Every structure is written in C-alpha cells, then in structure tokens.
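Structure file protein.txt (compact mmCIF, C-alpha atoms and all ligand atoms) follows.
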# COMPACT_ATOMS: atom_id res chain seq x y z
CA MET Y 1 -215.37 -25.41 -16.77
CA GLU Y 2 -212.54 -27.86 -17.17
CA THR Y 3 -210.31 -24.98 -18.34
CA MET Y 4 -211.29 -22.93 -15.33
CA ARG Y 5 -210.46 -25.86 -13.03
CA ASN Y 6 -207.03 -26.19 -14.67
CA VAL Y 7 -206.42 -22.47 -14.23
CA MET Y 8 -207.38 -22.79 -10.56
CA LEU Y 9 -205.02 -25.76 -10.19
CA LEU Y 10 -202.25 -23.81 -11.84
CA LEU Y 11 -202.92 -20.83 -9.59
CA GLY Y 12 -202.93 -23.17 -6.63
CA ALA Y 13 -199.58 -24.61 -7.65
CA ALA Y 14 -198.18 -21.13 -8.19
CA CYS Y 15 -199.40 -20.08 -4.75
CA THR Y 16 -197.72 -23.13 -3.18
CA LEU Y 17 -194.45 -22.20 -4.84
CA ASP Y 18 -194.82 -18.54 -3.95
CA ALA Y 19 -195.70 -19.49 -0.40
CA GLN Y 20 -192.22 -20.92 0.01
CA THR Y 21 -190.83 -17.45 0.44
CA TYR Y 22 -187.92 -18.50 2.60
CA ASP Y 23 -184.95 -20.72 1.88
CA LEU Y 24 -184.37 -21.65 5.51
CA LEU Y 25 -186.43 -21.49 8.67
CA LEU Y 26 -185.03 -21.94 12.16
CA LYS Y 27 -188.16 -22.95 14.02
CA GLY Y 28 -189.02 -22.60 17.69
CA GLY Y 29 -185.63 -21.67 19.10
CA HIS Y 30 -185.06 -19.20 21.93
CA VAL Y 31 -183.71 -16.20 20.05
CA ILE Y 32 -181.18 -14.01 21.84
CA ASP Y 33 -180.46 -10.93 19.75
CA PRO Y 34 -179.31 -8.31 22.25
CA ALA Y 35 -179.03 -5.58 19.61
CA ASN Y 36 -182.77 -5.87 18.94
CA ARG Y 37 -183.67 -6.63 22.56
CA ILE Y 38 -185.04 -10.04 21.61
CA ASP Y 39 -184.86 -12.73 24.28
CA THR Y 40 -187.73 -15.13 23.69
CA VAL Y 41 -188.93 -18.04 21.56
CA MET Y 42 -189.12 -16.90 17.93
CA ASP Y 43 -188.63 -18.19 14.42
CA VAL Y 44 -185.90 -16.90 12.15
CA ALA Y 45 -186.40 -17.03 8.36
CA VAL Y 46 -183.61 -16.65 5.83
CA SER Y 47 -183.91 -15.75 2.14
CA GLY Y 48 -180.76 -16.08 0.07
CA ASN Y 49 -178.00 -14.85 2.32
CA ARG Y 50 -180.14 -12.45 4.34
CA ILE Y 51 -182.24 -12.57 7.49
CA ALA Y 52 -185.73 -12.18 6.04
CA ARG Y 53 -187.91 -12.23 9.13
CA VAL Y 54 -187.74 -12.77 12.88
CA ALA Y 55 -191.21 -13.40 14.30
CA ALA Y 56 -193.39 -15.79 16.25
CA ASN Y 57 -195.03 -18.65 14.35
CA ILE Y 58 -193.68 -18.38 10.82
CA PRO Y 59 -195.37 -21.32 9.03
CA VAL Y 60 -193.18 -24.24 7.99
CA SER Y 61 -195.03 -24.21 4.65
CA GLU Y 62 -193.39 -20.90 3.83
CA ALA Y 63 -189.87 -22.36 3.87
CA LYS Y 64 -187.99 -24.72 1.58
CA LYS Y 65 -186.00 -26.12 4.49
CA THR Y 66 -186.80 -26.08 8.18
CA VAL Y 67 -184.52 -26.70 11.14
CA ASP Y 68 -186.18 -27.63 14.41
CA ALA Y 69 -184.47 -25.40 16.97
CA ALA Y 70 -186.83 -26.14 19.86
CA GLY Y 71 -184.96 -26.23 23.16
CA LEU Y 72 -181.97 -24.47 21.64
CA TYR Y 73 -180.72 -20.89 21.58
CA VAL Y 74 -180.54 -19.01 18.28
CA THR Y 75 -178.10 -16.10 18.28
CA PRO Y 76 -176.25 -13.91 15.80
CA GLY Y 77 -173.14 -15.65 14.47
CA LEU Y 78 -170.42 -15.24 17.08
CA ILE Y 79 -167.61 -12.74 16.46
CA ASP Y 80 -164.20 -13.76 17.73
CA LEU Y 81 -162.26 -10.53 18.16
CA HIS Y 82 -158.93 -12.21 18.83
CA ALA Y 83 -157.91 -15.25 16.78
CA HIS Y 84 -154.86 -16.31 14.76
CA VAL Y 85 -155.39 -17.37 11.17
CA PHE Y 86 -152.31 -15.93 9.41
CA GLY Y 87 -148.64 -15.16 9.98
CA TYR Y 88 -148.30 -16.33 13.57
CA GLU Y 89 -146.60 -19.73 13.79
CA GLY Y 90 -149.61 -21.32 15.50
CA SER Y 91 -152.19 -20.00 13.04
CA LEU Y 92 -155.26 -22.10 12.35
CA ALA Y 93 -157.43 -22.39 9.25
CA PRO Y 94 -160.51 -20.31 10.13
CA ASP Y 95 -162.98 -22.68 8.49
CA ASP Y 96 -161.59 -25.60 10.54
CA SER Y 97 -161.68 -23.90 13.92
CA SER Y 98 -164.50 -21.36 13.75
CA LEU Y 99 -167.53 -22.69 11.95
CA ILE Y 100 -167.87 -25.70 14.29
CA ALA Y 101 -168.00 -23.22 17.17
CA GLY Y 102 -170.73 -20.92 15.86
CA THR Y 103 -168.10 -18.31 15.04
CA THR Y 104 -168.93 -16.74 11.71
CA THR Y 105 -166.49 -13.82 11.94
CA VAL Y 106 -162.90 -14.06 13.11
CA VAL Y 107 -160.62 -11.10 13.57
CA ASP Y 108 -157.01 -12.03 13.03
CA ALA Y 109 -155.09 -10.29 15.79
CA GLY Y 110 -151.90 -9.03 14.24
CA GLY Y 111 -150.72 -11.92 12.09
CA SER Y 112 -150.14 -9.62 9.14
CA GLY Y 113 -148.38 -6.29 8.87
CA TRP Y 114 -148.56 -3.80 6.01
CA ARG Y 115 -145.86 -5.76 4.17
CA THR Y 116 -147.73 -9.08 4.32
CA PHE Y 117 -151.41 -8.10 4.32
CA ASP Y 118 -151.85 -8.62 0.56
CA ARG Y 119 -150.75 -12.24 0.93
CA PHE Y 120 -153.07 -12.70 3.91
CA LYS Y 121 -155.98 -11.38 1.87
CA LYS Y 122 -155.20 -13.54 -1.14
CA THR Y 123 -154.52 -16.80 0.72
CA VAL Y 124 -156.94 -16.67 3.67
CA ILE Y 125 -159.45 -13.81 3.65
CA ASP Y 126 -160.57 -14.32 0.05
CA THR Y 127 -160.65 -18.13 0.26
CA SER Y 128 -162.45 -18.72 3.58
CA ALA Y 129 -166.15 -19.30 4.16
CA THR Y 130 -165.68 -17.66 7.56
CA ARG Y 131 -165.73 -13.88 7.43
CA VAL Y 132 -162.12 -12.96 8.18
CA LEU Y 133 -161.21 -9.45 9.30
CA ALA Y 134 -157.83 -8.13 10.37
CA LEU Y 135 -156.18 -6.14 13.07
CA ILE Y 136 -153.02 -5.27 11.19
CA ASN Y 137 -149.77 -5.46 13.16
CA ILE Y 138 -147.87 -2.23 13.70
CA VAL Y 139 -144.83 -4.31 12.76
CA GLY Y 140 -144.58 -4.30 8.95
CA ALA Y 141 -143.49 -7.94 8.89
CA GLY Y 142 -146.37 -9.02 11.14
CA MET Y 143 -146.33 -11.44 14.08
CA VAL Y 144 -143.32 -13.48 13.02
CA GLY Y 145 -141.28 -13.80 16.22
CA SER Y 146 -139.72 -11.65 18.89
CA ALA Y 147 -136.88 -10.22 16.76
CA ALA Y 148 -139.46 -8.79 14.36
CA GLU Y 149 -141.80 -7.72 17.14
CA ASP Y 150 -139.01 -5.72 18.83
CA ASN Y 151 -137.91 -4.11 15.56
CA VAL Y 152 -139.00 -0.52 16.14
CA PRO Y 153 -137.84 0.82 12.72
CA ASP Y 154 -140.32 -1.60 11.07
CA MET Y 155 -143.21 0.01 12.99
CA GLU Y 156 -144.31 2.66 10.50
CA PRO Y 157 -147.63 4.34 11.30
CA ASP Y 158 -147.99 6.04 7.91
CA LYS Y 159 -147.43 2.88 5.86
CA THR Y 160 -149.70 0.91 8.21
CA ALA Y 161 -152.46 3.51 7.90
CA ALA Y 162 -152.03 3.61 4.10
CA LYS Y 163 -152.61 -0.16 3.91
CA MET Y 164 -155.67 0.25 6.13
CA LYS Y 165 -157.07 2.92 3.82
CA GLN Y 166 -156.49 0.60 0.86
CA PHE Y 167 -158.54 -2.19 2.50
CA PRO Y 168 -161.14 -0.52 4.74
CA ASP Y 169 -163.53 -3.49 4.46
CA GLN Y 170 -161.05 -6.02 5.79
CA ILE Y 171 -158.75 -4.11 8.14
CA VAL Y 172 -160.64 -3.03 11.24
CA GLY Y 173 -157.82 -1.86 13.48
CA ILE Y 174 -154.22 -2.21 14.59
CA LYS Y 175 -152.54 -4.77 16.83
CA VAL Y 176 -149.47 -4.17 18.94
CA ALA Y 177 -148.11 -7.28 20.59
CA HIS Y 178 -145.26 -8.88 22.51
CA PHE Y 179 -143.00 -5.81 22.52
CA GLY Y 180 -140.05 -6.88 24.68
CA LYS Y 181 -138.04 -3.67 24.93
CA PRO Y 182 -138.47 -0.90 27.49
CA GLY Y 183 -140.59 2.15 26.80
CA TRP Y 184 -143.57 3.11 24.73
CA ASP Y 185 -142.23 3.01 21.15
CA ALA Y 186 -144.45 0.15 19.97
CA LEU Y 187 -147.64 1.32 21.66
CA LYS Y 188 -147.21 4.94 20.65
CA ARG Y 189 -146.58 4.03 17.01
CA ALA Y 190 -149.65 1.79 17.01
CA VAL Y 191 -151.73 4.60 18.49
CA GLU Y 192 -150.37 6.97 15.83
CA ALA Y 193 -151.49 4.52 13.12
CA GLY Y 194 -154.86 4.45 14.89
CA ARG Y 195 -155.03 8.24 14.81
CA LEU Y 196 -154.14 8.37 11.11
CA SER Y 197 -156.68 5.68 10.18
CA GLY Y 198 -159.44 6.49 12.67
CA LYS Y 199 -159.46 2.89 13.88
CA PRO Y 200 -158.91 1.23 17.25
CA VAL Y 201 -155.75 -0.40 18.57
CA MET Y 202 -155.73 -3.76 20.31
CA VAL Y 203 -152.95 -3.98 22.88
CA ASP Y 204 -151.24 -7.23 23.91
CA ASP Y 205 -148.34 -5.99 26.00
CA LYS Y 206 -145.56 -7.43 28.10
CA ILE Y 207 -145.21 -5.86 31.52
CA PHE Y 208 -142.21 -7.08 33.43
CA THR Y 209 -139.22 -5.76 35.32
CA ASN Y 210 -137.36 -3.09 33.40
CA ALA Y 211 -140.14 -2.62 30.85
CA ALA Y 212 -140.45 0.92 32.21
CA ARG Y 213 -144.14 0.61 31.49
CA THR Y 214 -146.94 0.41 34.00
CA SER Y 215 -150.53 -0.68 33.55
CA ARG Y 216 -151.69 2.66 34.95
CA ASP Y 217 -149.76 4.76 32.43
CA LYS Y 218 -150.71 2.47 29.59
CA LEU Y 219 -154.44 2.57 30.33
CA LEU Y 220 -154.79 6.18 31.41
CA ASP Y 221 -152.21 8.01 29.28
CA VAL Y 222 -151.17 6.06 26.19
CA MET Y 223 -154.31 4.18 25.08
CA ARG Y 224 -157.27 6.11 23.71
CA PRO Y 225 -160.98 5.63 24.40
CA GLY Y 226 -162.11 2.82 22.08
CA ASP Y 227 -158.74 1.08 22.14
CA LEU Y 228 -158.84 -2.43 23.55
CA HIS Y 229 -156.60 -4.27 25.95
CA THR Y 230 -156.76 -7.99 25.29
CA HIS Y 231 -155.67 -10.81 27.67
CA MET Y 232 -157.47 -8.97 30.47
CA TYR Y 233 -157.43 -11.94 32.87
CA ASN Y 234 -153.70 -12.44 32.51
CA ASP Y 235 -151.58 -10.90 35.26
CA ARG Y 236 -148.41 -10.21 33.30
CA GLN Y 237 -149.78 -7.98 30.58
CA LEU Y 238 -152.17 -6.06 32.73
CA GLU Y 239 -152.20 -5.90 36.50
CA VAL Y 240 -155.96 -6.09 36.99
CA ILE Y 241 -155.87 -7.18 40.64
CA ASP Y 242 -153.82 -5.58 43.39
CA ARG Y 243 -151.83 -8.47 44.86
CA PHE Y 244 -151.93 -7.06 48.39
CA SER Y 245 -155.60 -6.22 48.69
CA GLY Y 246 -157.11 -8.61 46.10
CA LYS Y 247 -159.08 -5.64 44.78
CA VAL Y 248 -159.55 -4.58 41.18
CA GLN Y 249 -157.09 -1.74 40.67
CA ASP Y 250 -158.50 1.77 40.72
CA TYR Y 251 -156.93 2.49 37.34
CA MET Y 252 -158.94 -0.37 35.79
CA TRP Y 253 -162.19 1.36 36.76
CA ALA Y 254 -160.79 4.72 35.64
CA ALA Y 255 -159.75 3.24 32.28
CA ARG Y 256 -163.19 1.72 31.76
CA LYS Y 257 -164.76 5.06 32.60
CA ARG Y 258 -162.65 6.83 29.97
CA GLY Y 259 -163.69 4.30 27.34
CA VAL Y 260 -160.80 1.82 27.17
CA LEU Y 261 -162.24 -1.61 26.34
CA PHE Y 262 -161.18 -4.92 27.89
CA ASP Y 263 -161.16 -8.09 25.81
CA LEU Y 264 -160.95 -11.63 27.14
CA GLY Y 265 -158.33 -13.08 24.72
CA HIS Y 266 -158.21 -16.43 26.54
CA GLY Y 267 -155.36 -18.16 24.67
CA ALA Y 268 -152.93 -20.65 26.15
CA GLY Y 269 -151.57 -18.38 28.87
CA SER Y 270 -153.95 -15.52 29.40
CA PHE Y 271 -156.93 -16.81 31.35
CA LEU Y 272 -156.21 -17.32 35.02
CA TRP Y 273 -158.81 -18.30 37.63
CA PRO Y 274 -157.12 -16.24 40.40
CA VAL Y 275 -157.56 -13.11 38.29
CA ALA Y 276 -160.87 -13.94 36.56
CA THR Y 277 -162.70 -15.04 39.74
CA ARG Y 278 -161.63 -11.95 41.70
CA ALA Y 279 -162.39 -9.56 38.85
CA MET Y 280 -165.81 -11.08 38.18
CA ALA Y 281 -166.70 -11.16 41.90
CA GLN Y 282 -166.08 -7.40 41.93
CA GLY Y 283 -168.03 -6.82 38.74
CA PHE Y 284 -165.15 -6.30 36.33
CA ALA Y 285 -166.40 -8.31 33.35
CA PRO Y 286 -164.91 -8.27 29.86
CA ASP Y 287 -166.39 -5.86 27.31
CA THR Y 288 -165.80 -8.46 24.62
CA ILE Y 289 -165.31 -12.23 24.74
CA SER Y 290 -162.63 -13.68 22.47
CA THR Y 291 -160.58 -16.84 22.22
CA ASP Y 292 -156.99 -16.15 21.13
CA LEU Y 293 -157.27 -19.54 19.44
CA HIS Y 294 -154.07 -20.93 17.98
CA SER Y 295 -152.45 -24.33 17.63
CA SER Y 296 -151.54 -24.71 21.30
CA SER Y 297 -154.46 -22.95 22.99
CA ILE Y 298 -156.94 -25.03 21.00
CA ARG Y 299 -155.69 -28.09 22.91
CA ALA Y 300 -154.83 -26.55 26.30
CA GLY Y 301 -157.87 -24.66 27.53
CA GLN Y 302 -159.90 -25.38 24.38
CA PRO Y 303 -161.14 -21.80 24.42
CA ASP Y 304 -163.47 -21.69 21.44
CA MET Y 305 -166.25 -19.11 21.76
CA PRO Y 306 -168.81 -21.45 23.40
CA ASN Y 307 -166.13 -22.56 25.89
CA CYS Y 308 -165.30 -18.93 26.77
CA ILE Y 309 -169.03 -18.19 27.14
CA SER Y 310 -169.40 -21.23 29.42
CA LYS Y 311 -166.45 -20.09 31.55
CA MET Y 312 -167.89 -16.61 31.96
CA MET Y 313 -171.23 -18.16 32.95
CA ALA Y 314 -169.41 -20.28 35.53
CA LEU Y 315 -168.24 -16.94 36.97
CA GLY Y 316 -171.77 -15.60 37.13
CA MET Y 317 -172.35 -13.96 33.76
CA LYS Y 318 -175.83 -14.37 32.30
CA LEU Y 319 -176.07 -16.11 28.91
CA GLN Y 320 -177.73 -13.03 27.41
CA ASP Y 321 -174.82 -10.84 28.49
CA ALA Y 322 -172.26 -13.36 27.23
CA ILE Y 323 -173.99 -13.42 23.83
CA GLU Y 324 -174.00 -9.61 23.71
CA LYS Y 325 -170.25 -9.60 24.44
CA SER Y 326 -169.74 -12.17 21.66
CA THR Y 327 -171.87 -10.46 18.99
CA ALA Y 328 -172.98 -6.82 19.12
CA ALA Y 329 -170.21 -5.63 21.46
CA PRO Y 330 -167.28 -6.87 19.36
CA ALA Y 331 -169.04 -5.59 16.21
CA ARG Y 332 -169.27 -2.15 17.83
CA ALA Y 333 -165.65 -2.28 19.01
CA ILE Y 334 -164.45 -2.64 15.41
CA LYS Y 335 -167.11 -0.25 14.07
CA ARG Y 336 -168.90 -2.92 12.04
CA PHE Y 337 -172.23 -2.77 13.89
CA PRO Y 338 -174.99 -3.20 12.78
CA GLU Y 339 -173.58 -4.76 9.62
CA ILE Y 340 -172.70 -7.81 11.76
CA GLY Y 341 -173.54 -8.91 15.29
CA THR Y 342 -177.33 -8.90 15.00
CA LEU Y 343 -180.20 -10.88 13.54
CA GLY Y 344 -181.83 -7.72 12.25
CA GLU Y 345 -184.01 -8.17 9.17
CA GLY Y 346 -182.04 -7.52 6.00
CA LYS Y 347 -178.68 -8.30 7.61
CA VAL Y 348 -176.38 -11.06 6.37
CA ALA Y 349 -177.62 -14.39 7.73
CA ASP Y 350 -174.81 -15.37 10.08
CA ILE Y 351 -176.41 -17.44 12.84
CA ALA Y 352 -175.30 -19.69 15.69
CA VAL Y 353 -177.55 -22.33 17.24
CA LEU Y 354 -176.35 -23.17 20.73
CA ARG Y 355 -177.26 -25.88 23.22
CA GLN Y 356 -177.19 -25.24 26.94
CA SER Y 357 -176.65 -28.39 29.00
CA LYS Y 358 -176.92 -28.70 32.76
CA GLY Y 359 -174.57 -30.99 34.68
CA VAL Y 360 -171.05 -30.84 36.02
CA PHE Y 361 -168.37 -29.54 33.67
CA ALA Y 362 -164.65 -28.90 34.16
CA TYR Y 363 -163.26 -25.61 32.91
CA LYS Y 364 -159.50 -25.30 32.62
CA ASP Y 365 -157.39 -22.18 32.93
CA ALA Y 366 -153.88 -21.45 31.69
CA TRP Y 367 -152.27 -22.63 34.92
CA ASN Y 368 -153.84 -26.09 34.61
CA LYS Y 369 -156.36 -25.55 37.36
CA LYS Y 370 -159.96 -26.43 36.81
CA LEU Y 371 -163.12 -24.80 38.02
CA MET Y 372 -166.31 -26.84 38.04
CA GLY Y 373 -169.37 -25.31 36.42
CA THR Y 374 -172.97 -26.47 36.13
CA VAL Y 375 -173.80 -25.11 32.69
CA ASN Y 376 -172.19 -25.84 29.34
CA ILE Y 377 -172.77 -24.07 26.06
CA GLU Y 378 -171.92 -25.79 22.78
CA CYS Y 379 -172.60 -24.99 19.16
CA VAL Y 380 -174.87 -27.43 17.34
CA LEU Y 381 -175.51 -25.58 14.09
CA THR Y 382 -173.94 -22.68 12.20
CA VAL Y 383 -175.34 -20.63 9.34
CA ARG Y 384 -172.84 -18.50 7.46
CA ASP Y 385 -173.95 -16.20 4.65
CA GLY Y 386 -177.32 -17.96 4.54
CA ARG Y 387 -175.91 -21.49 4.26
CA VAL Y 388 -175.93 -24.19 6.93
CA VAL Y 389 -172.19 -24.88 7.23
CA TYR Y 390 -172.29 -27.04 10.37
CA ASP Y 391 -175.05 -29.25 11.74
CA LEU Y 392 -173.81 -31.43 14.62
CA ASP Y 393 -177.02 -33.33 15.22
CA GLY Y 394 -178.46 -33.27 11.71
CA LEU Y 395 -181.22 -30.91 12.83
CA GLY Y 396 -181.92 -30.06 9.22
CA PHE Y 397 -181.69 -33.65 7.98
CA PRO Y 398 -184.67 -35.96 7.32
CA LEU Y 399 -184.71 -39.26 9.22
CA TRP Y 400 -183.28 -42.17 7.27
CA ASN Y 401 -186.09 -44.51 6.38
CA THR Y 402 -184.97 -48.13 6.74
CA ALA Y 403 -187.42 -49.10 4.04
CA GLY Y 404 -186.03 -46.47 1.74
CA GLU Y 405 -184.39 -46.99 -1.58
CA TYR Y 406 -180.67 -47.64 -1.81
CA GLU Y 407 -179.44 -45.13 -4.26
CA VAL Y 408 -177.09 -46.83 -6.70
CA ILE Y 409 -174.70 -44.39 -8.25
CA PRO Y 410 -173.96 -45.55 -11.78
ZN ZN Y 501 -153.07 -13.65 20.37
Please rewrite the model in this file as structure tokens.
Ligand SMILES: [Zn+2]
Amino acid sequence: METMRNVMLLLGAACTLDAQTYDLLLKGGHVIDPANRIDTVMDVAVSGNRIARVAANIPVSEAKKTVDAAGLYVTPGLIDLHAHVFGYEGSLAPDDSSLIAGTTTVVDAGGSGWRTFDRFKKTVIDTSATRVLALINIVGAGMVGSAAEDNVPDMEPDKTAAKMKQFPDQIVGIKVAHFGKPGWDALKRAVEAGRLSGKPVMVDDKIFTNAARTSRDKLLDVMRPGDLHTHMYNDRQLEVIDRFSGKVQDYMWAARKRGVLFDLGHGAGSFLWPVATRAMAQGFAPDTISTDLHSSSIRAGQPDMPNCISKMMALGMKLQDAIEKSTAAPARAIKRFPEIGTLGEGKVADIAVLRQSKGVFAYKDAWNKKLMGTVNIECVLTVRDGRVVYDLDGLGFPLWNTAGEYEVIP
C-alpha cells in the first residue's frame, strides 16, 4: 500500500512537471494578429523559441513563467522595413534601438552593397539578437556618401544579384538611394538586379530641378509591381500631393493599383504633416510602416515603430490596421510571410507587448511642427526568439518581498 502511495506521488509529481508544457505564457492580453484574424483577449504560450498555442484561458499551471498582459496589446514582433544598422554614417546598433521598441526584425535599407555585405553579415547580422535582414544597395560600396551613391559604374546588377543568391536568407531586396545625377541609371540598374534576383526594390529617390525624373514616370514606368517607394510622406522624393489642388496625385492611385507599394520611412526629413494629413484625409495610407531610424532621426522625431504607429493613429488609422502594416504587410513585401509577421502556432516566438495610453501627446514631424494626438502606443515588453529581451515594467518579475532574504554573494 505504501509502495502504491509512493508510485501515485511520483506519478503526481511527474504530471505536475509534464503539466508545465510551456516555457512562457502571456496571459490575458488583447491579441492582435491580423494574419490570423485575431483581435480579442487571448493567451499566448511559447515553448522553446516557438509559438506553441494561442487560445483563451490557457492555465497558468501549464507554464514555467507567466507574464500578466491584462490591459495590454499582444502583437507579432514588429518588422521595421527601413532602418540603418550598417554602412551609413548614422547607423545604430539594432539591439540598442529595436528591442526596446517591440521591433524584432529590422531591415537595413541599403547600408551594404555587394562589396561590403560579407562584413555586414559577420559584424552585425550574425552577432545581433534582433533579426537583421538586408536590402542590398545597388551601389557596390553601399551607402557611404554622395560620391559613391552617384557612381554609376559601381552599380552592377549581375554582381548584386549574385550576392543575393549567395545569401537568400538575409538579403530580401535591393535599395537604390540618394542618386543625385539626372536620369534613370540608378533606378534602372536596381530594377535589373531585382529582375535577376526575383526580389523587390526599395526606392529612395531625389526629385529636384534638372533630375529629369518625374514621380509619374518613376511610379508608372520604371518601378515594378511589388517594388516599394519609401519616404512616402516626404515631398521631395515623391510628389504625393498636387500643390495647386491639395489632392493626392492621380498617378499615386494608378501606381497603387498596379501594385507599387508605399512605405512610411519616417526618418529625420521624410515625414511632413502637410503631406501626411492631406494624404490620410483622402485615404492614401502607407502599405507598410517603417522608421528610417538613424543617429539623427532617433532624436529628432523619435520615430521608433510605436511612435510611427501612434502618429498614424493620430491621423485616423485604427490600431489593428497599424499593426497589420507593421507585421504581416512588411513580411509580405519582402516575401518572408508567414515565416515572420504572425503569431501563428509553430512560428518563431517574436512578440511585442504594447500599451495604449489615452491623454494628450505631441507628435513631431521633420519640419519641427507638432500635431497633438490623444492616443499613445509604447512597447512594454519584447520577446525575441522565445526569450523576454525587454520588460519595461517588470511584468514577468515577482514582487520584491521586504521580508525576503538578502542574498550574499560569496
Ligand atoms: Zn534611410
């Protein structure tokens, strides 16, 4: 009898251990996972580095660690389609700037070219906790100043495409940026690299007098469906709004119809209230939300992903739509959906926990004007690859017990 009781106890203990199926449980948060059409209070369980289960009422007893997410939003880890973490003089360390913002994937927008990508991979991509992907610059030397960026002979589609084929997991497209000479050489070579590699091109273009380039030609003739124009609420790279009528240009609608994508790319100079308010009032929202974070924009408009989401909400975008444009939409744009951008069961556990606050908040644009909003989104917790890498409020921490032991470290 005694033996039987011991066996039962052992079985009981085994069951208790087995019952803790999950390593981490985010409990009671409002889950927004647009890819799976989830927009309600749910629990999210993680095993190892994978999303194990998304369901109502997963018992706390089944998890080794529980985070109380009540009153908060739980979303897929944010994907920043336009950031600078290599090559460019204002590059930031991705783990410093992204993980505190709920951004679990950053796409470096053109810092490296085919000549420098190996160094980028070795020094940043392979050493960061953040998932770092690359839009490789059509310029072989990368984004290293205007002399290099105007150097047409260093824009070699075949060598760029060869580097992309060598690293298909890391290089998701091509960037063409800051070309200061007249004509289409840079864009056309980038598009050719896109054709050779089967990947999209992100365009960051200068339009000014004597460029001999127009927004209409660029969007309707040179760019392909699936290519992206970043800095969409700038007015010098893309003429979104007709200055005489205040209307969104006809060619913008035509470009959207033919599949050209428009990316926010906030940055230090590319988010202007006069453009953004008019475009949003007429229903011309970004396809993807991104920051263009670098050493000066991070201080000027402070456009991390939650800040960009807050700004778009101030212009009337629903939180659910802003999350879609910060998760599934960018993943689709770089052909990495559904590998990233969703909380689907079995996917890598990249998760953002966001707090929505109501009040009065100032949102700054690139011309140092502010627009007052009533809603603010901030990141309070980030899970990357199954690990809690940021926890602003100690949601996963036990309360310190004042009567507790002082742990003396010998
Ligand atoms: Zn940029």
Taking only residues of chain Y that have an atom at most 12 Å from an atom of ligand ZN 501 (chain Y), what is each one's shortest atom pair and its distance in Å to one decimal, using all atoms listed in the file, in chain and number order, as a Markdown table?
| residue | atom | partner | partner_atom | distance |
| --- | --- | --- | --- | --- |
| Y:Asp80 | CA | Y:ZN501 | ZN | 11.4 |
| Y:Leu81 | CA | Y:ZN501 | ZN | 10.0 |
| Y:His82 | CA | Y:ZN501 | ZN | 6.2 |
| Y:Ala83 | CA | Y:ZN501 | ZN | 6.2 |
| Y:His84 | CA | Y:ZN501 | ZN | 6.5 |
| Y:Val85 | CA | Y:ZN501 | ZN | 10.2 |
| Y:Phe86 | CA | Y:ZN501 | ZN | 11.2 |
| Y:Gly87 | CA | Y:ZN501 | ZN | 11.4 |
| Y:Tyr88 | CA | Y:ZN501 | ZN | 8.7 |
| Y:Glu89 | CA | Y:ZN501 | ZN | 11.1 |
| Y:Gly90 | CA | Y:ZN501 | ZN | 9.7 |
| Y:Ser91 | CA | Y:ZN501 | ZN | 9.7 |
| Y:Leu92 | CA | Y:ZN501 | ZN | 11.9 |
| Y:Val107 | CA | Y:ZN501 | ZN | 10.5 |
| Y:Asp108 | CA | Y:ZN501 | ZN | 8.5 |
| Y:Ala109 | CA | Y:ZN501 | ZN | 6.0 |
| Y:Gly110 | CA | Y:ZN501 | ZN | 7.8 |
| Y:Gly111 | CA | Y:ZN501 | ZN | 8.8 |
| Y:Leu135 | CA | Y:ZN501 | ZN | 10.9 |
| Y:Asn137 | CA | Y:ZN501 | ZN | 11.4 |
| Y:Met143 | CA | Y:ZN501 | ZN | 9.5 |
| Y:Lys175 | CA | Y:ZN501 | ZN | 9.6 |
| Y:Val176 | CA | Y:ZN501 | ZN | 10.2 |
| Y:Ala177 | CA | Y:ZN501 | ZN | 8.1 |
| Y:His178 | CA | Y:ZN501 | ZN | 9.4 |
| Y:Met202 | CA | Y:ZN501 | ZN | 10.2 |
| Y:Val203 | CA | Y:ZN501 | ZN | 10.0 |
| Y:Asp204 | CA | Y:ZN501 | ZN | 7.6 |
| Y:Asp205 | CA | Y:ZN501 | ZN | 10.6 |
| Y:His229 | CA | Y:ZN501 | ZN | 11.5 |
| Y:Thr230 | CA | Y:ZN501 | ZN | 8.4 |
| Y:His231 | CA | Y:ZN501 | ZN | 8.3 |
| Y:Met232 | CA | Y:ZN501 | ZN | 12.0 |
| Y:Asp263 | CA | Y:ZN501 | ZN | 11.2 |
| Y:Leu264 | CA | Y:ZN501 | ZN | 10.6 |
| Y:Gly265 | CA | Y:ZN501 | ZN | 6.8 |
| Y:His266 | CA | Y:ZN501 | ZN | 8.5 |
| Y:Gly267 | CA | Y:ZN501 | ZN | 6.6 |
| Y:Ala268 | CA | Y:ZN501 | ZN | 9.1 |
| Y:Gly269 | CA | Y:ZN501 | ZN | 9.8 |
| Y:Ser270 | CA | Y:ZN501 | ZN | 9.3 |
| Y:Ser290 | CA | Y:ZN501 | ZN | 9.8 |
| Y:Thr291 | CA | Y:ZN501 | ZN | 8.4 |
| Y:Asp292 | CA | Y:ZN501 | ZN | 4.7 |
| Y:Leu293 | CA | Y:ZN501 | ZN | 7.3 |
| Y:His294 | CA | Y:ZN501 | ZN | 7.7 |
| Y:Ser295 | CA | Y:ZN501 | ZN | 11.0 |
| Y:Ser296 | CA | Y:ZN501 | ZN | 11.2 |
| Y:Ser297 | CA | Y:ZN501 | ZN | 9.8 |
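Near Thr288 (chain Y), within a cut-off of 7 Å and counting only C-alpha atoms, sit the residues Phe262, Asp263, Leu264, Lys325, Ser326, Ala329 and Pro330 of chain Y, with same-chain residues fewer than 5 positions away left out.
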Between CA of Asp391 (chain Y) and CA of Ile51 (chain Y), what is the spacing in Å?
-> 18.7 Å
Just the residues within 7 Å of Val132 (chain Y), please, counting all atoms listed in the file, with nothing from its chain fewer than 5 positions along; format it as a ChimeraX atom specification.
-> /Y:105-107,125
May I ask for the distance between CA of Thr127 (chain Y) and CA of Gly142 (chain Y), given in Å to one decimal place?
-> 20.1 Å
May I ask which of the residues Y:Met305, Y:Leu319, Y:Ala63, Y:Ala314 is the closest one to Leu78 (chain Y), counting all atoms listed in the file?
->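 Nearest candidate to Leu78 (chain Y) out of Y:Met305, Y:Leu319, Y:Ala63, Y:Ala314: Y:Met305.
Nearest residue to Pro157 (chain Y), choosing from Y:Leu272, Y:Ile171, Y:Ile136, Y:Val383 and counting all atoms listed in the file: Y:Ile136.
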Centre and edges of the region 252-268 of chain Y box, axis-aligned, 6 Å extra per side, as AutoDock Vina command-line options:
--center_x -158.8 --center_y -6.9 --center_z 30.7 --size_x 23.8 --size_y 39.5 --size_z 24.1
Shortest interatomic distance to Lys206 (chain Y) - which of Y:Ala186, Y:Ala331, Y:Ala193, Y:Ala279, counting only C-alpha atoms |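 With only C-alpha atoms as the atom set, the closest residue is Y:Ala186.
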